[in-house]
$ cat input_2.txt   # compact mmCIF, C-alpha atoms and all ligand atoms
# COMPACT_ATOMS: atom_id res chain seq x y z
CA MET A 16 192.77 50.18 28.31
CA LEU A 17 195.17 51.06 25.49
CA LYS A 18 198.35 50.42 27.47
CA ASN A 19 201.27 49.46 25.22
CA LYS A 20 199.29 50.38 22.12
CA LEU A 21 200.77 52.79 19.62
CA VAL A 22 198.26 54.88 17.69
CA VAL A 23 199.55 56.97 14.81
CA LEU A 24 197.23 59.94 14.41
CA GLY A 25 197.17 61.48 10.95
CA VAL A 26 195.84 65.02 10.88
CA THR A 27 194.78 66.67 7.63
CA GLY A 28 193.71 70.18 6.69
CA SER A 29 190.17 70.73 7.87
CA ILE A 30 188.59 73.24 10.20
CA ALA A 31 187.87 70.21 12.41
CA VAL A 32 191.59 69.95 13.25
CA TYR A 33 190.86 71.41 16.66
CA LYS A 34 188.95 68.22 17.49
CA ALA A 35 192.07 66.18 16.67
CA VAL A 36 193.75 67.82 19.65
CA GLU A 37 191.02 66.43 21.89
CA ILE A 38 191.21 63.03 20.17
CA CYS A 39 194.95 62.94 20.83
CA ARG A 40 194.40 63.85 24.50
CA LEU A 41 191.65 61.23 24.95
CA LEU A 42 193.76 58.48 23.35
CA MET A 43 196.57 59.27 25.75
CA LYS A 44 194.19 59.44 28.69
CA ASN A 45 193.18 55.88 27.80
CA GLY A 46 196.80 54.77 27.97
CA ALA A 47 197.83 54.84 24.30
CA ARG A 48 201.12 56.15 23.01
CA VAL A 49 200.32 58.60 20.23
CA LYS A 50 202.52 59.78 17.39
CA VAL A 51 201.15 62.51 15.17
CA ILE A 52 201.70 63.10 11.48
CA MET A 53 200.34 66.35 10.03
CA THR A 54 199.88 67.40 6.44
CA ARG A 55 201.02 70.83 5.31
CA ALA A 56 197.37 71.93 5.11
CA ALA A 57 196.74 70.82 8.71
CA GLU A 58 199.61 73.05 9.84
CA ALA A 59 197.67 76.01 8.45
CA PHE A 60 195.06 75.37 11.17
CA VAL A 61 197.14 74.19 14.17
CA ALA A 62 200.87 74.35 14.76
CA PRO A 63 202.72 71.05 15.27
CA LEU A 64 203.84 72.46 18.61
CA THR A 65 200.33 71.83 19.98
CA PHE A 66 200.61 68.09 19.34
CA GLU A 67 204.28 68.00 20.37
CA THR A 68 203.27 69.48 23.71
CA ILE A 69 200.45 66.99 24.28
CA THR A 70 202.34 63.88 23.16
CA GLY A 71 205.73 64.95 24.47
CA GLY A 72 207.29 63.76 21.23
CA PRO A 73 208.03 64.79 17.69
CA VAL A 74 205.34 65.46 15.11
CA GLY A 75 205.95 64.19 11.59
CA THR A 76 205.37 66.81 8.95
CA ARG A 77 207.81 66.34 6.06
CA MET A 78 209.04 63.39 4.08
CA PHE A 79 212.47 64.83 3.44
CA GLY A 80 214.74 67.42 4.93
CA GLN A 81 213.04 67.78 8.29
CA VAL A 82 216.00 68.45 10.54
CA ARG A 83 214.85 68.49 14.12
CA SER A 84 216.33 67.08 17.30
CA TRP A 85 214.57 63.83 16.52
CA ASP A 86 214.74 61.71 13.44
CA ILE A 87 211.66 60.49 11.66
CA GLN A 88 212.55 57.53 9.55
CA HIS A 89 209.94 58.19 6.92
CA ILE A 90 207.48 55.40 7.30
CA SER A 91 208.79 53.60 10.37
CA TRP A 92 205.92 54.80 12.56
CA ALA A 93 203.41 53.23 10.21
CA GLN A 94 205.07 49.88 10.64
CA GLU A 95 205.26 50.12 14.44
CA ALA A 96 201.65 51.27 14.81
CA ASP A 97 198.95 49.10 16.36
CA LEU A 98 196.41 51.34 14.69
CA PHE A 99 196.48 54.22 12.24
CA LEU A 100 193.78 56.85 12.72
CA VAL A 101 193.28 59.72 10.30
CA ALA A 102 191.10 62.38 11.95
CA PRO A 103 189.99 64.65 10.46
CA ALA A 104 190.35 62.96 7.07
CA THR A 105 189.65 65.22 4.10
CA ALA A 106 188.20 64.07 0.76
CA ASN A 107 191.66 64.85 -0.62
CA VAL A 108 193.59 62.39 1.57
CA ILE A 109 190.95 59.67 1.12
CA GLY A 110 191.04 60.20 -2.66
CA LYS A 111 194.82 60.02 -2.72
CA VAL A 112 195.01 56.80 -0.71
CA CYS A 113 192.29 55.28 -2.88
CA GLN A 114 194.37 56.02 -5.99
CA GLY A 115 197.63 54.85 -4.42
CA ILE A 116 199.15 58.33 -4.37
CA ALA A 117 201.84 58.74 -1.73
CA ASP A 118 203.23 62.25 -2.08
CA ASP A 119 203.80 63.32 1.51
CA LEU A 120 204.69 61.79 4.86
CA LEU A 121 201.08 61.04 5.80
CA THR A 122 199.93 59.35 2.58
CA THR A 123 203.23 57.45 2.34
CA SER A 124 202.83 56.22 5.91
CA ILE A 125 199.20 55.17 5.37
CA MET A 126 200.21 53.20 2.29
CA ALA A 127 202.95 51.49 4.28
CA ALA A 128 200.76 50.75 7.31
CA THR A 129 200.29 47.12 8.28
CA SER A 130 197.86 47.90 11.11
CA PRO A 131 194.13 48.66 10.74
CA VAL A 132 193.62 52.12 9.22
CA ILE A 133 190.59 54.14 10.30
CA PHE A 134 189.45 57.31 8.58
CA ALA A 135 187.20 59.81 10.35
CA PRO A 136 186.06 61.97 7.43
CA ALA A 137 185.20 65.66 7.72
CA MET A 138 184.06 67.72 4.76
CA ASN A 139 181.33 69.80 3.21
CA ARG A 140 177.96 68.07 2.63
CA GLU A 141 178.16 68.21 -1.16
CA MET A 142 181.70 66.86 -1.14
CA TYR A 143 180.58 64.02 1.10
CA ASN A 144 177.66 63.19 -1.21
CA ASN A 145 179.77 63.50 -4.35
CA PRO A 146 179.72 60.10 -6.11
CA ILE A 147 183.48 60.33 -6.63
CA TYR A 148 184.05 60.56 -2.89
CA GLN A 149 181.44 57.87 -2.19
CA ASP A 150 183.15 55.57 -4.72
CA ASN A 151 186.53 56.16 -3.11
CA MET A 152 185.13 55.37 0.31
CA GLU A 153 183.47 52.19 -0.93
CA LYS A 154 186.64 51.01 -2.65
CA LEU A 155 188.75 51.61 0.43
CA ALA A 156 186.14 49.97 2.68
CA ALA A 157 186.13 46.93 0.42
CA ARG A 158 189.90 46.75 0.96
CA GLY A 159 189.45 46.72 4.73
CA TYR A 160 189.97 50.41 5.53
CA GLN A 161 187.50 51.50 8.18
CA PHE A 162 185.43 54.66 8.47
CA VAL A 163 183.86 56.41 11.44
CA GLU A 164 180.75 57.95 9.91
CA PRO A 165 180.61 61.74 10.04
CA GLY A 166 177.79 63.39 11.92
CA THR A 167 174.95 65.51 10.56
CA GLY A 168 174.41 69.13 11.53
CA TYR A 169 175.86 72.58 11.11
CA LEU A 170 179.02 72.60 8.97
CA ALA A 171 181.76 75.21 9.11
CA CYS A 172 180.99 76.27 5.53
CA GLY A 173 177.52 77.37 6.66
CA ASP A 174 175.68 74.37 5.19
CA GLU A 175 173.62 71.91 7.18
CA GLY A 176 174.05 68.21 6.47
CA LYS A 177 176.27 65.19 6.76
CA GLY A 178 179.99 65.80 6.88
CA ARG A 179 180.94 67.02 10.37
CA LEU A 180 183.73 65.08 11.99
CA ALA A 181 182.28 62.57 14.46
CA GLU A 182 182.70 63.63 18.08
CA PRO A 183 186.13 62.87 19.64
CA GLU A 184 184.57 60.52 22.23
CA GLU A 185 182.88 58.50 19.48
CA ILE A 186 186.09 58.25 17.46
CA VAL A 187 188.16 57.23 20.47
CA ASP A 188 185.50 54.73 21.49
CA TYR A 189 185.73 53.21 18.00
CA VAL A 190 189.51 53.00 18.31
CA ILE A 191 189.29 51.36 21.74
CA LYS A 192 186.81 48.78 20.43
CA GLU A 193 189.00 48.06 17.41
CA LEU A 194 192.10 47.57 19.53
CA THR A 195 190.44 45.48 22.20
CA MET A 196 187.94 43.62 20.04
CA LYS A 197 188.19 39.85 19.80
CA LYS A 198 188.72 38.67 16.20
CA ASP A 199 186.84 35.46 16.89
CA PHE A 200 185.09 35.39 13.49
CA SER A 201 188.27 35.59 11.43
CA ASP A 202 187.97 33.52 8.25
CA ARG A 203 184.29 32.79 8.95
CA LYS A 204 181.79 33.56 6.21
CA LEU A 205 178.58 35.04 7.52
CA LEU A 206 175.36 35.65 5.62
CA ILE A 207 173.12 38.18 7.34
CA THR A 208 169.71 39.35 6.19
CA ALA A 209 168.12 42.61 7.26
CA GLY A 210 165.23 44.94 6.74
CA PRO A 211 161.74 44.32 5.38
CA THR A 212 160.69 42.84 2.06
CA ARG A 213 158.29 44.69 -0.23
CA GLU A 214 155.54 42.84 -2.05
CA PRO A 215 154.12 44.85 -4.98
CA LEU A 216 150.40 45.34 -5.37
CA ASP A 217 150.71 47.50 -8.48
CA PRO A 218 153.60 49.59 -9.95
CA ILE A 219 153.45 52.14 -7.12
CA ARG A 220 152.11 50.27 -4.07
CA PHE A 221 153.37 47.45 -1.95
CA PHE A 222 152.80 45.48 1.25
CA SER A 223 155.65 45.64 3.75
CA ASN A 224 156.38 45.98 7.48
CA PHE A 225 158.11 48.35 9.89
CA SER A 226 161.57 46.77 9.89
CA SER A 227 164.22 49.51 9.66
CA GLY A 228 167.13 47.14 9.11
CA LYS A 229 168.91 48.45 12.23
CA MET A 230 169.22 45.03 13.88
CA GLY A 231 170.63 43.28 10.82
CA TYR A 232 173.00 46.13 9.90
CA ALA A 233 174.31 46.27 13.48
CA LEU A 234 174.98 42.53 13.35
CA ALA A 235 176.77 42.87 10.01
CA GLU A 236 178.98 45.65 11.32
CA ALA A 237 179.79 43.81 14.56
CA ALA A 238 180.62 40.55 12.76
CA SER A 239 182.82 42.37 10.28
CA ARG A 240 184.70 44.17 13.04
CA ARG A 241 185.26 40.79 14.72
CA GLY A 242 187.01 39.56 11.60
CA GLY A 243 184.10 37.89 9.76
CA GLN A 244 183.62 37.99 6.00
CA VAL A 245 180.11 39.33 5.89
CA THR A 246 177.54 39.34 3.10
CA LEU A 247 174.53 41.47 3.97
CA ILE A 248 171.35 40.84 2.00
CA SER A 249 168.92 43.60 2.73
CA GLY A 250 165.46 44.73 1.83
CA PRO A 251 164.93 48.48 1.32
CA THR A 252 166.08 50.64 4.26
CA ASN A 253 167.39 54.16 4.84
CA LEU A 254 170.67 52.85 6.23
CA THR A 255 174.17 52.99 4.75
CA PRO A 256 175.67 49.49 4.59
CA PRO A 257 178.53 49.15 7.05
CA PRO A 258 182.00 49.44 5.48
CA GLY A 259 184.03 46.36 4.66
CA ILE A 260 181.13 44.03 3.90
CA ARG A 261 179.57 42.68 0.71
CA PHE A 262 176.14 44.20 0.18
CA ILE A 263 173.30 42.72 -1.87
CA PRO A 264 170.13 44.85 -2.01
CA VAL A 265 166.81 43.13 -2.71
CA ASN A 266 163.14 44.12 -2.71
CA THR A 267 160.84 41.12 -2.57
CA THR A 268 160.89 37.87 -0.64
CA LEU A 269 161.49 35.97 -3.86
CA GLU A 270 164.54 38.14 -4.61
CA MET A 271 165.81 37.61 -1.08
CA GLN A 272 165.31 33.87 -1.45
CA GLU A 273 167.32 33.81 -4.67
CA ALA A 274 170.17 35.87 -3.21
CA VAL A 275 170.29 33.76 -0.03
CA PHE A 276 170.33 30.48 -1.95
CA ASP A 277 173.10 31.77 -4.26
CA GLU A 278 175.31 32.43 -1.24
CA PHE A 279 174.36 29.58 1.07
CA SER A 280 176.86 26.91 -0.02
CA ARG A 281 179.75 29.35 0.59
CA THR A 282 178.52 30.30 4.06
CA ASP A 283 179.46 29.08 7.55
CA LEU A 284 176.82 30.96 9.48
CA VAL A 285 173.45 32.46 8.54
CA ILE A 286 171.69 35.05 10.70
CA LYS A 287 168.22 35.96 9.45
CA ALA A 288 167.27 39.23 11.07
CA ALA A 289 165.11 40.29 8.13
CA ALA A 290 161.37 40.63 8.59
CA VAL A 291 160.24 38.65 5.58
CA ALA A 292 156.69 38.97 4.27
CA ASP A 293 154.86 35.68 4.61
CA TYR A 294 152.38 36.61 1.85
CA ARG A 295 152.41 38.59 -1.39
CA PRO A 296 149.64 39.75 -3.73
CA ALA A 297 148.81 36.80 -5.95
CA ASN A 298 148.20 38.95 -9.03
CA PRO A 299 150.12 42.22 -8.85
CA LYS A 300 148.64 44.64 -11.38
CA LYS A 301 150.69 46.01 -14.27
CA GLN A 302 148.84 49.36 -14.16
CA LYS A 303 148.03 51.57 -11.18
CA ILE A 304 144.83 50.39 -9.48
CA LYS A 305 142.09 53.02 -9.82
CA LYS A 306 139.90 54.01 -6.91
CA GLU A 307 136.58 52.73 -8.24
CA GLU A 308 134.91 50.51 -5.64
CA GLU A 309 134.48 51.07 -1.93
CA PHE A 310 136.19 47.77 -1.14
CA LEU A 311 139.23 46.33 -2.80
CA ASN A 312 139.79 42.61 -2.44
CA VAL A 313 143.38 41.54 -2.75
CA LYS A 314 144.16 37.87 -2.97
CA LEU A 315 147.40 36.97 -1.24
CA THR A 316 149.51 33.93 -1.87
CA SER A 317 152.10 32.54 0.53
CA ASN A 318 155.78 33.34 0.08
CA PRO A 319 158.44 30.69 0.51
CA ASP A 320 159.81 30.45 4.04
CA ILE A 321 163.49 31.02 3.26
CA LEU A 322 164.77 29.88 6.63
CA LEU A 323 162.64 26.75 6.61
CA GLU A 324 164.07 25.83 3.21
CA LEU A 325 167.63 26.43 4.45
CA GLY A 326 166.93 24.21 7.46
CA LYS A 327 166.07 21.36 5.09
CA ILE A 328 169.30 21.56 3.05
CA LYS A 329 171.83 22.71 5.62
CA LYS A 330 175.04 20.72 6.01
CA ASN A 331 177.60 22.21 8.43
CA GLN A 332 176.13 25.68 8.44
CA ILE A 333 174.93 27.24 11.67
CA LEU A 334 171.44 28.68 11.23
CA VAL A 335 170.21 31.51 13.41
CA GLY A 336 166.67 32.83 13.11
CA PHE A 337 164.95 35.74 14.74
CA ALA A 338 161.47 35.51 16.23
CA ALA A 339 159.40 38.63 16.57
CA GLU A 340 156.57 37.75 18.91
CA THR A 341 153.71 39.50 20.62
CA GLU A 342 152.75 36.55 22.88
CA ASP A 343 154.22 33.31 24.28
CA LEU A 344 157.71 34.44 23.32
CA VAL A 345 159.73 31.40 24.38
CA LYS A 346 157.14 28.82 23.36
CA ASN A 347 156.72 30.28 19.88
CA ALA A 348 160.48 30.75 19.46
CA MET A 349 161.11 27.11 20.44
CA GLU A 350 158.54 25.94 17.91
CA LYS A 351 160.39 27.89 15.20
CA ILE A 352 163.74 26.35 16.16
CA LYS A 353 162.29 22.86 15.75
CA LYS A 354 160.19 23.55 12.67
CA LYS A 355 162.96 25.35 10.77
CA ASN A 356 165.82 23.11 12.03
CA LEU A 357 167.75 26.06 13.53
CA ASP A 358 170.73 26.07 15.86
CA PHE A 359 169.66 29.26 17.64
CA ILE A 360 166.80 31.68 17.68
CA VAL A 361 166.90 35.26 18.89
CA ALA A 362 163.53 36.06 20.39
CA ASN A 363 162.47 39.68 20.65
CA ASP A 364 159.42 40.52 22.68
CA LEU A 365 157.53 43.11 20.64
CA THR A 366 155.37 44.06 23.61
CA SER A 367 158.35 45.43 25.61
CA PRO A 368 159.10 49.13 25.18
CA GLY A 369 162.39 49.68 23.33
CA ALA A 370 162.34 46.22 21.70
CA GLY A 371 161.83 45.06 18.13
CA PHE A 372 161.04 47.14 15.06
CA GLU A 373 162.51 50.59 14.25
CA VAL A 374 164.00 51.48 17.64
CA ASP A 375 167.75 51.68 18.32
CA THR A 376 167.52 49.22 21.22
CA ASN A 377 166.37 45.64 21.63
CA LEU A 378 165.49 43.20 24.39
CA VAL A 379 166.30 39.65 23.37
CA LYS A 380 166.65 36.10 24.55
CA VAL A 381 169.04 33.83 22.63
CA ILE A 382 167.76 30.25 22.74
CA ASN A 383 169.50 27.10 21.52
CA ARG A 384 168.03 23.81 20.28
CA GLU A 385 168.15 22.32 23.74
CA GLY A 386 166.05 25.16 25.08
CA ASP A 387 168.87 26.85 27.05
CA ILE A 388 168.07 30.54 27.28
CA ARG A 389 170.54 33.44 27.44
CA GLU A 390 168.62 36.51 28.46
CA PHE A 391 169.97 40.04 28.01
CA PRO A 392 168.74 43.35 29.40
CA LEU A 393 167.59 46.20 27.15
CA MET A 394 170.61 47.51 25.24
CA THR A 395 171.46 49.12 21.92
CA LYS A 396 171.19 46.97 18.81
CA LYS A 397 174.98 47.31 18.45
CA GLU A 398 175.48 45.88 21.95
CA VAL A 399 172.86 43.18 21.38
CA SER A 400 174.75 42.18 18.23
CA HIS A 401 177.94 41.57 20.19
CA LYS A 402 176.05 39.53 22.80
CA ILE A 403 174.55 37.36 20.04
CA LEU A 404 177.99 36.96 18.44
CA ASP A 405 179.49 36.01 21.84
CA VAL A 406 177.03 33.11 22.03
CA LEU A 407 177.74 32.06 18.43
CA SER A 408 181.47 32.37 19.00
CA GLU A 409 181.32 29.62 21.65
CA LYS A 410 179.50 27.41 19.15
CA ILE A 411 182.00 27.86 16.30
CA LYS A 412 185.08 27.45 18.47
CA GLY A 413 187.08 24.47 17.25
CA ARG A 414 184.85 23.92 14.21
O1 LIG B 1 164.90 45.96 11.37
P1 LIG B 1 164.64 46.52 12.77
O2 LIG B 1 163.72 47.71 12.74
O3 LIG B 1 165.91 46.76 13.51
O4 LIG B 1 163.83 45.41 13.59
C1 LIG B 1 164.45 44.20 13.91
C2 LIG B 1 163.47 43.01 13.80
C3 LIG B 1 162.38 43.15 14.85
C4 LIG B 1 162.86 42.97 12.40
C5 LIG B 1 164.33 41.72 14.04
O5 LIG B 1 164.89 41.80 15.32
C6 LIG B 1 163.48 40.47 13.91
O6 LIG B 1 162.89 39.99 14.86
N1 LIG B 1 163.44 39.90 12.69
C7 LIG B 1 162.60 38.73 12.36
C8 LIG B 1 161.19 39.13 12.28
C9 LIG B 1 160.33 38.02 11.73
O7 LIG B 1 160.01 38.09 10.58
O8 LIG B 1 160.11 37.03 12.51
P2 LIG B 1 159.24 35.74 12.07
O9 LIG B 1 158.88 35.12 13.35
O10 LIG B 1 158.15 36.11 11.14
O11 LIG B 1 160.25 34.83 11.26
C10 LIG B 1 161.11 33.91 11.89
C11 LIG B 1 162.40 33.76 11.11
O12 LIG B 1 162.13 33.20 9.82
C12 LIG B 1 163.11 35.06 10.87
O13 LIG B 1 164.50 34.84 11.04
C13 LIG B 1 162.78 35.41 9.42
O14 LIG B 1 163.85 36.13 8.79
C14 LIG B 1 162.61 34.03 8.79
N2 LIG B 1 161.61 34.02 7.70
C15 LIG B 1 160.30 34.33 7.95
C16 LIG B 1 159.39 34.28 6.93
C17 LIG B 1 159.81 33.89 5.64
N3 LIG B 1 158.94 33.81 4.63
N4 LIG B 1 161.08 33.57 5.42
C18 LIG B 1 162.00 33.63 6.42
O15 LIG B 1 163.19 33.34 6.22
$ encode --input "input_2.txt" --output "structure tokens"
Amino acid sequence: MLKNKLVVLGVTGSIAVYKAVEICRLLMKNGARVKVIMTRAAEAFVAPLTFETITGGPVGTRMFGQVRSWDIQHISWAQEADLFLVAPATANVIGKVCQGIADDLLTTSIMAATSPVIFAPAMNREMYNNPIYQDNMEKLAARGYQFVEPGTGYLACGDEGKGRLAEPEEIVDYVIKELTMKKDFSDRKLLITAGPTREPLDPIRFFSNFSSGKMGYALAEAASRRGGQVTLISGPTNLTPPPGIRFIPVNTTLEMQEAVFDEFSRTDLVIKAAAVADYRPANPKKQKIKKEEEFLNVKLTSNPDILLELGKIKKNQILVGFAAETEDLVKNAMEKIKKKNLDFIVANDLTSPGAGFEVDTNLVKVINREGDIREFPLMTKKEVSHKILDVLSEKIKGR
């Protein structure tokens, strides 16, 4: 799968270094050539000889004065690489790259890399949550550096929480996808909405729905990895926005409408995966509503239909809606395509187990204006996202 691909594996000083040995082995098993660069701190955990033995080649450790039977020309590996993976990546190395510090062979090589650079962070929970680290990660992500999210669980320092290096299989899978992924959305501007909207009843209560944002976030990540410039407008969720995208958080339907309309003229493709509230309380109270009567009547007023409004003003943009239905899936979805002037609709059947709100999987049909249906089996929302993008990719070809 990775034949003729050169992966430079940067290894930094973390107890998770032992997993880097497995990552190196798995990359090679998948056909990649691997060259390893270790920091001084990494050498305190594993000797370079381990990686030399696996790769059958030299391991880069020093910028200057490393006299071995092979010659490392400083940063030449970085320029040959098809992909640069740093695993485990400490807060230290991420901080240095973020600040443009190049004071050893690894940081110098990362700065000189012309290939995609992927960090797989590993650190203590508090370090991971530290706003300084989070800022660094966001800045690097905004510059196109990629991150494989760490896992949650027992950490070597004895804490429980987020910060463990992702599993080697997951990291290698990410690398394989990156190296084999089509970049068919390069230079395309996508606007994706996700999550629920919240409609306040009083200062502490709201109407909402069960959307977790998983579908929209998966789409945003997939489109970004396929080269798209993604803006994700999201209602409140518990998810971390995928790296490398522009993120606009909103609460209410009216806020989502404003954000969407601000972006629309600069957009090639809109995918509306958000579950938008059709109604909101007509007179939200300024003070907390007291429990006085047995019944509480709340008057609702209709919200704007954002997608319908976009359908009226669209020029060359491709509009994709989602339809969450509990009956007559295709019929109702087709009505929405016509009514909202859409190019496609993704219909999810809420009555099927594993489909729709909250779950990690979905079962969808992608339908175009002519009524042609592409039906997909139950799969993860990440996989569904790529299937949807495959269909859209055919549509934008040559545009
Ligand atoms: O977030 P998850 O937990 O992963 O769940 C994913 C999902 C089930 C929310 C998603 O797959 C989905 O189906 N989203 C759309 C749900 C929905 O609101 O469908 P609808 O039939 O009410 O709306 C049709 C389309 O019009 C949608 O694209 C919606 O974003 C849009 N709409 C609806 C109402 C409104 N006032 N403005 C809109 O733009």
$ residues_around --input "input_2.txt" --residues "region 223-240 of chain A" --least-positions-apart "5" --cutoff "9 Å" --atoms "all atoms listed in the file" --output "tab-separated table (two decimals) with C-alpha atoms, in the frame of the given file"
chain	number	residue	atom	x	y	z
A	192	LYS	CA	186.81	48.78	20.43
A	193	GLU	CA	189.00	48.06	17.41
A	196	MET	CA	187.94	43.62	20.04
A	197	LYS	CA	188.19	39.85	19.80
A	198	LYS	CA	188.72	38.67	16.20
A	200	PHE	CA	185.09	35.39	13.49
A	201	SER	CA	188.27	35.59	11.43
A	205	LEU	CA	178.58	35.04	7.52
A	206	LEU	CA	175.36	35.65	5.62
A	207	ILE	CA	173.12	38.18	7.34
A	208	THR	CA	169.71	39.35	6.19
A	209	ALA	CA	168.12	42.61	7.26
A	210	GLY	CA	165.23	44.94	6.74
A	211	PRO	CA	161.74	44.32	5.38
A	212	THR	CA	160.69	42.84	2.06
A	213	ARG	CA	158.29	44.69	-0.23
A	214	GLU	CA	155.54	42.84	-2.05
A	215	PRO	CA	154.12	44.85	-4.98
A	245	VAL	CA	180.11	39.33	5.89
A	246	THR	CA	177.54	39.34	3.10
A	247	LEU	CA	174.53	41.47	3.97
A	249	SER	CA	168.92	43.60	2.73
A	250	GLY	CA	165.46	44.73	1.83
A	251	PRO	CA	164.93	48.48	1.32
A	252	THR	CA	166.08	50.64	4.26
A	253	ASN	CA	167.39	54.16	4.84
A	254	LEU	CA	170.67	52.85	6.23
A	255	THR	CA	174.17	52.99	4.75
A	256	PRO	CA	175.67	49.49	4.59
A	257	PRO	CA	178.53	49.15	7.05
A	258	PRO	CA	182.00	49.44	5.48
A	259	GLY	CA	184.03	46.36	4.66
A	260	ILE	CA	181.13	44.03	3.90
A	286	ILE	CA	171.69	35.05	10.70
A	287	LYS	CA	168.22	35.96	9.45
A	288	ALA	CA	167.27	39.23	11.07
A	289	ALA	CA	165.11	40.29	8.13
A	290	ALA	CA	161.37	40.63	8.59
A	291	VAL	CA	160.24	38.65	5.58
A	292	ALA	CA	156.69	38.97	4.27
A	371	GLY	CA	161.83	45.06	18.13
A	372	PHE	CA	161.04	47.14	15.06
A	373	GLU	CA	162.51	50.59	14.25
A	374	VAL	CA	164.00	51.48	17.64
A	375	ASP	CA	167.75	51.68	18.32
A	376	THR	CA	167.52	49.22	21.22
A	377	ASN	CA	166.37	45.64	21.63
A	396	LYS	CA	171.19	46.97	18.81
A	397	LYS	CA	174.98	47.31	18.45
A	398	GLU	CA	175.48	45.88	21.95
A	399	VAL	CA	172.86	43.18	21.38
A	400	SER	CA	174.75	42.18	18.23
A	401	HIS	CA	177.94	41.57	20.19
A	403	ILE	CA	174.55	37.36	20.04
A	404	LEU	CA	177.99	36.96	18.44
$ residues_around --input "input_2.txt" --residues "Gly168 (chain A)" --least-positions-apart "3" --cutoff "12 Å" --atoms "all atoms listed in the file" --output "PyMOL selection string"
chain A and resi 137-140+165+171-182
$ atom_distance --input "input_2.txt" --atom1 "CA of Ile186 (chain A)" --atom2 "CA of Leu100 (chain A)"
9.1 Å
$ atom_distance --input "input_2.txt" --atom1 "CA of Pro103 (chain A)" --atom2 "CA of Arg261 (chain A)"
26.2 Å
$ atom_distance --input "input_2.txt" --atom1 "atom C7 of ligand LIG 1 (chain B)" --atom2 "CA of Met394 (chain A)"
17.5 Å
$ residues_near_point --input "input_2.txt" --point "(185.9, 60.3, 10.0)" --cutoff "12 Å" --atoms "only C-alpha atoms" --output "ChimeraX atom specification"
/A:25-27,29,31-32,34-35,38,100-106,108-109,132-138,143,152,160-166,177-183,185-187,189-190
$ closest_residue --input "input_2.txt" --among "A:Lys20, A:Arg55, A:Lys301, A:Lys380" --to "Leu393 (chain A)" --atoms "all atoms listed in the file"
A:Lys380
$ residues_around --input "input_2.txt" --residues "Asp387 (chain A)" --least-positions-apart "6" --cutoff "12 Å" --atoms "only C-alpha atoms" --output "list in words"
Val345, Ala348, Met349, Asp358, Phe359, Ile360, Val361, Lys380, Val381 and Val406 of chain A
$ closest_residue --input "input_2.txt" --among "A:Ile411, A:Ala156, A:Met53, A:Ile248" --to "ligand LIG 1 (chain B)" --atoms "only C-alpha atoms and all ligand atoms"
A:Ile248
$ axis_aligned_box --input "input_2.txt" --around "ligand LIG 1 (chain B)" --padding-each-side "6 Å" --output "AutoDock Vina command-line options"
--center_x 162.0 --center_y 40.5 --center_z 10.0 --size_x 19.8 --size_y 26.5 --size_z 22.7
$ closest_residue --input "input_2.txt" --among "A:Leu407, A:Leu322, A:Val379, A:Ile388" --to "ligand LIG 1 (chain B)" --atoms "only C-alpha atoms and all ligand atoms"
A:Leu322
$ closest_residue --input "input_2.txt" --among "A:Ala93, A:Phe391, A:Lys410, A:Asn107" --to "Asn363 (chain A)" --atoms "all atoms listed in the file"
A:Phe391
$ closest_residue --input "input_2.txt" --among "A:Ser408, A:Arg48, A:Pro146, A:Glu308" --to "Gly72 (chain A)" --atoms "all atoms listed in the file"
A:Arg48
$ closest_residue --input "input_2.txt" --among "A:Pro319, A:Gly243, A:Gly326, A:Pro368" --to "ligand LIG 1 (chain B)" --atoms "all atoms listed in the file"
A:Pro319
$ residues_around --input "input_2.txt" --residues "Leu194 (chain A)" --least-positions-apart "3" --cutoff "8 Å" --atoms "only C-alpha atoms" --output "VMD selection string"
chain A and resid 17 97 to 98 190 to 191
$ residues_around --input "input_2.txt" --residues "Asp283 (chain A)" --least-positions-apart "2" --cutoff "7 Å" --atoms "only C-alpha atoms" --output "PDB file with C-alpha atoms, in the frame of the given file"
ATOM      1  CA  ARG A 203     184.290  32.790   8.950  1.00  0.00           C
ATOM      2  CA  LYS A 204     181.790  33.560   6.210  1.00  0.00           C
ATOM      3  CA  LEU A 205     178.580  35.040   7.520  1.00  0.00           C
ATOM      4  CA  ARG A 281     179.750  29.350   0.590  1.00  0.00           C
ATOM      5  CA  VAL A 285     173.450  32.460   8.540  1.00  0.00           C
ATOM      6  CA  GLN A 332     176.130  25.680   8.440  1.00  0.00           C
ATOM      7  CA  ILE A 333     174.930  27.240  11.670  1.00  0.00           C
TER       8      ILE A 333
END
$ build_atoms --input "input_2.txt" --residues "region 209-213 of chain A" --atoms "N, CA and C atoms" --output "CSV table (one decimal), in the coordinates of the input"
chain,number,residue,atom,x,y,z
A,209,ALA,N,168.6,41.5,6.5
A,209,ALA,CA,168.1,42.6,7.3
A,209,ALA,C,167.0,43.3,6.5
A,210,GLY,N,166.2,44.1,7.3
A,210,GLY,CA,165.2,44.9,6.7
A,210,GLY,C,163.9,44.2,6.4
A,211,PRO,N,163.0,44.9,5.8
A,211,PRO,CA,161.7,44.3,5.4
A,211,PRO,C,161.8,43.8,4.0
A,212,THR,N,160.8,43.1,3.5
A,212,THR,CA,160.7,42.8,2.1
A,212,THR,C,159.5,43.6,1.6
A,213,ARG,N,159.4,44.0,0.3
A,213,ARG,CA,158.3,44.7,-0.2
A,213,ARG,C,157.6,43.8,-1.3
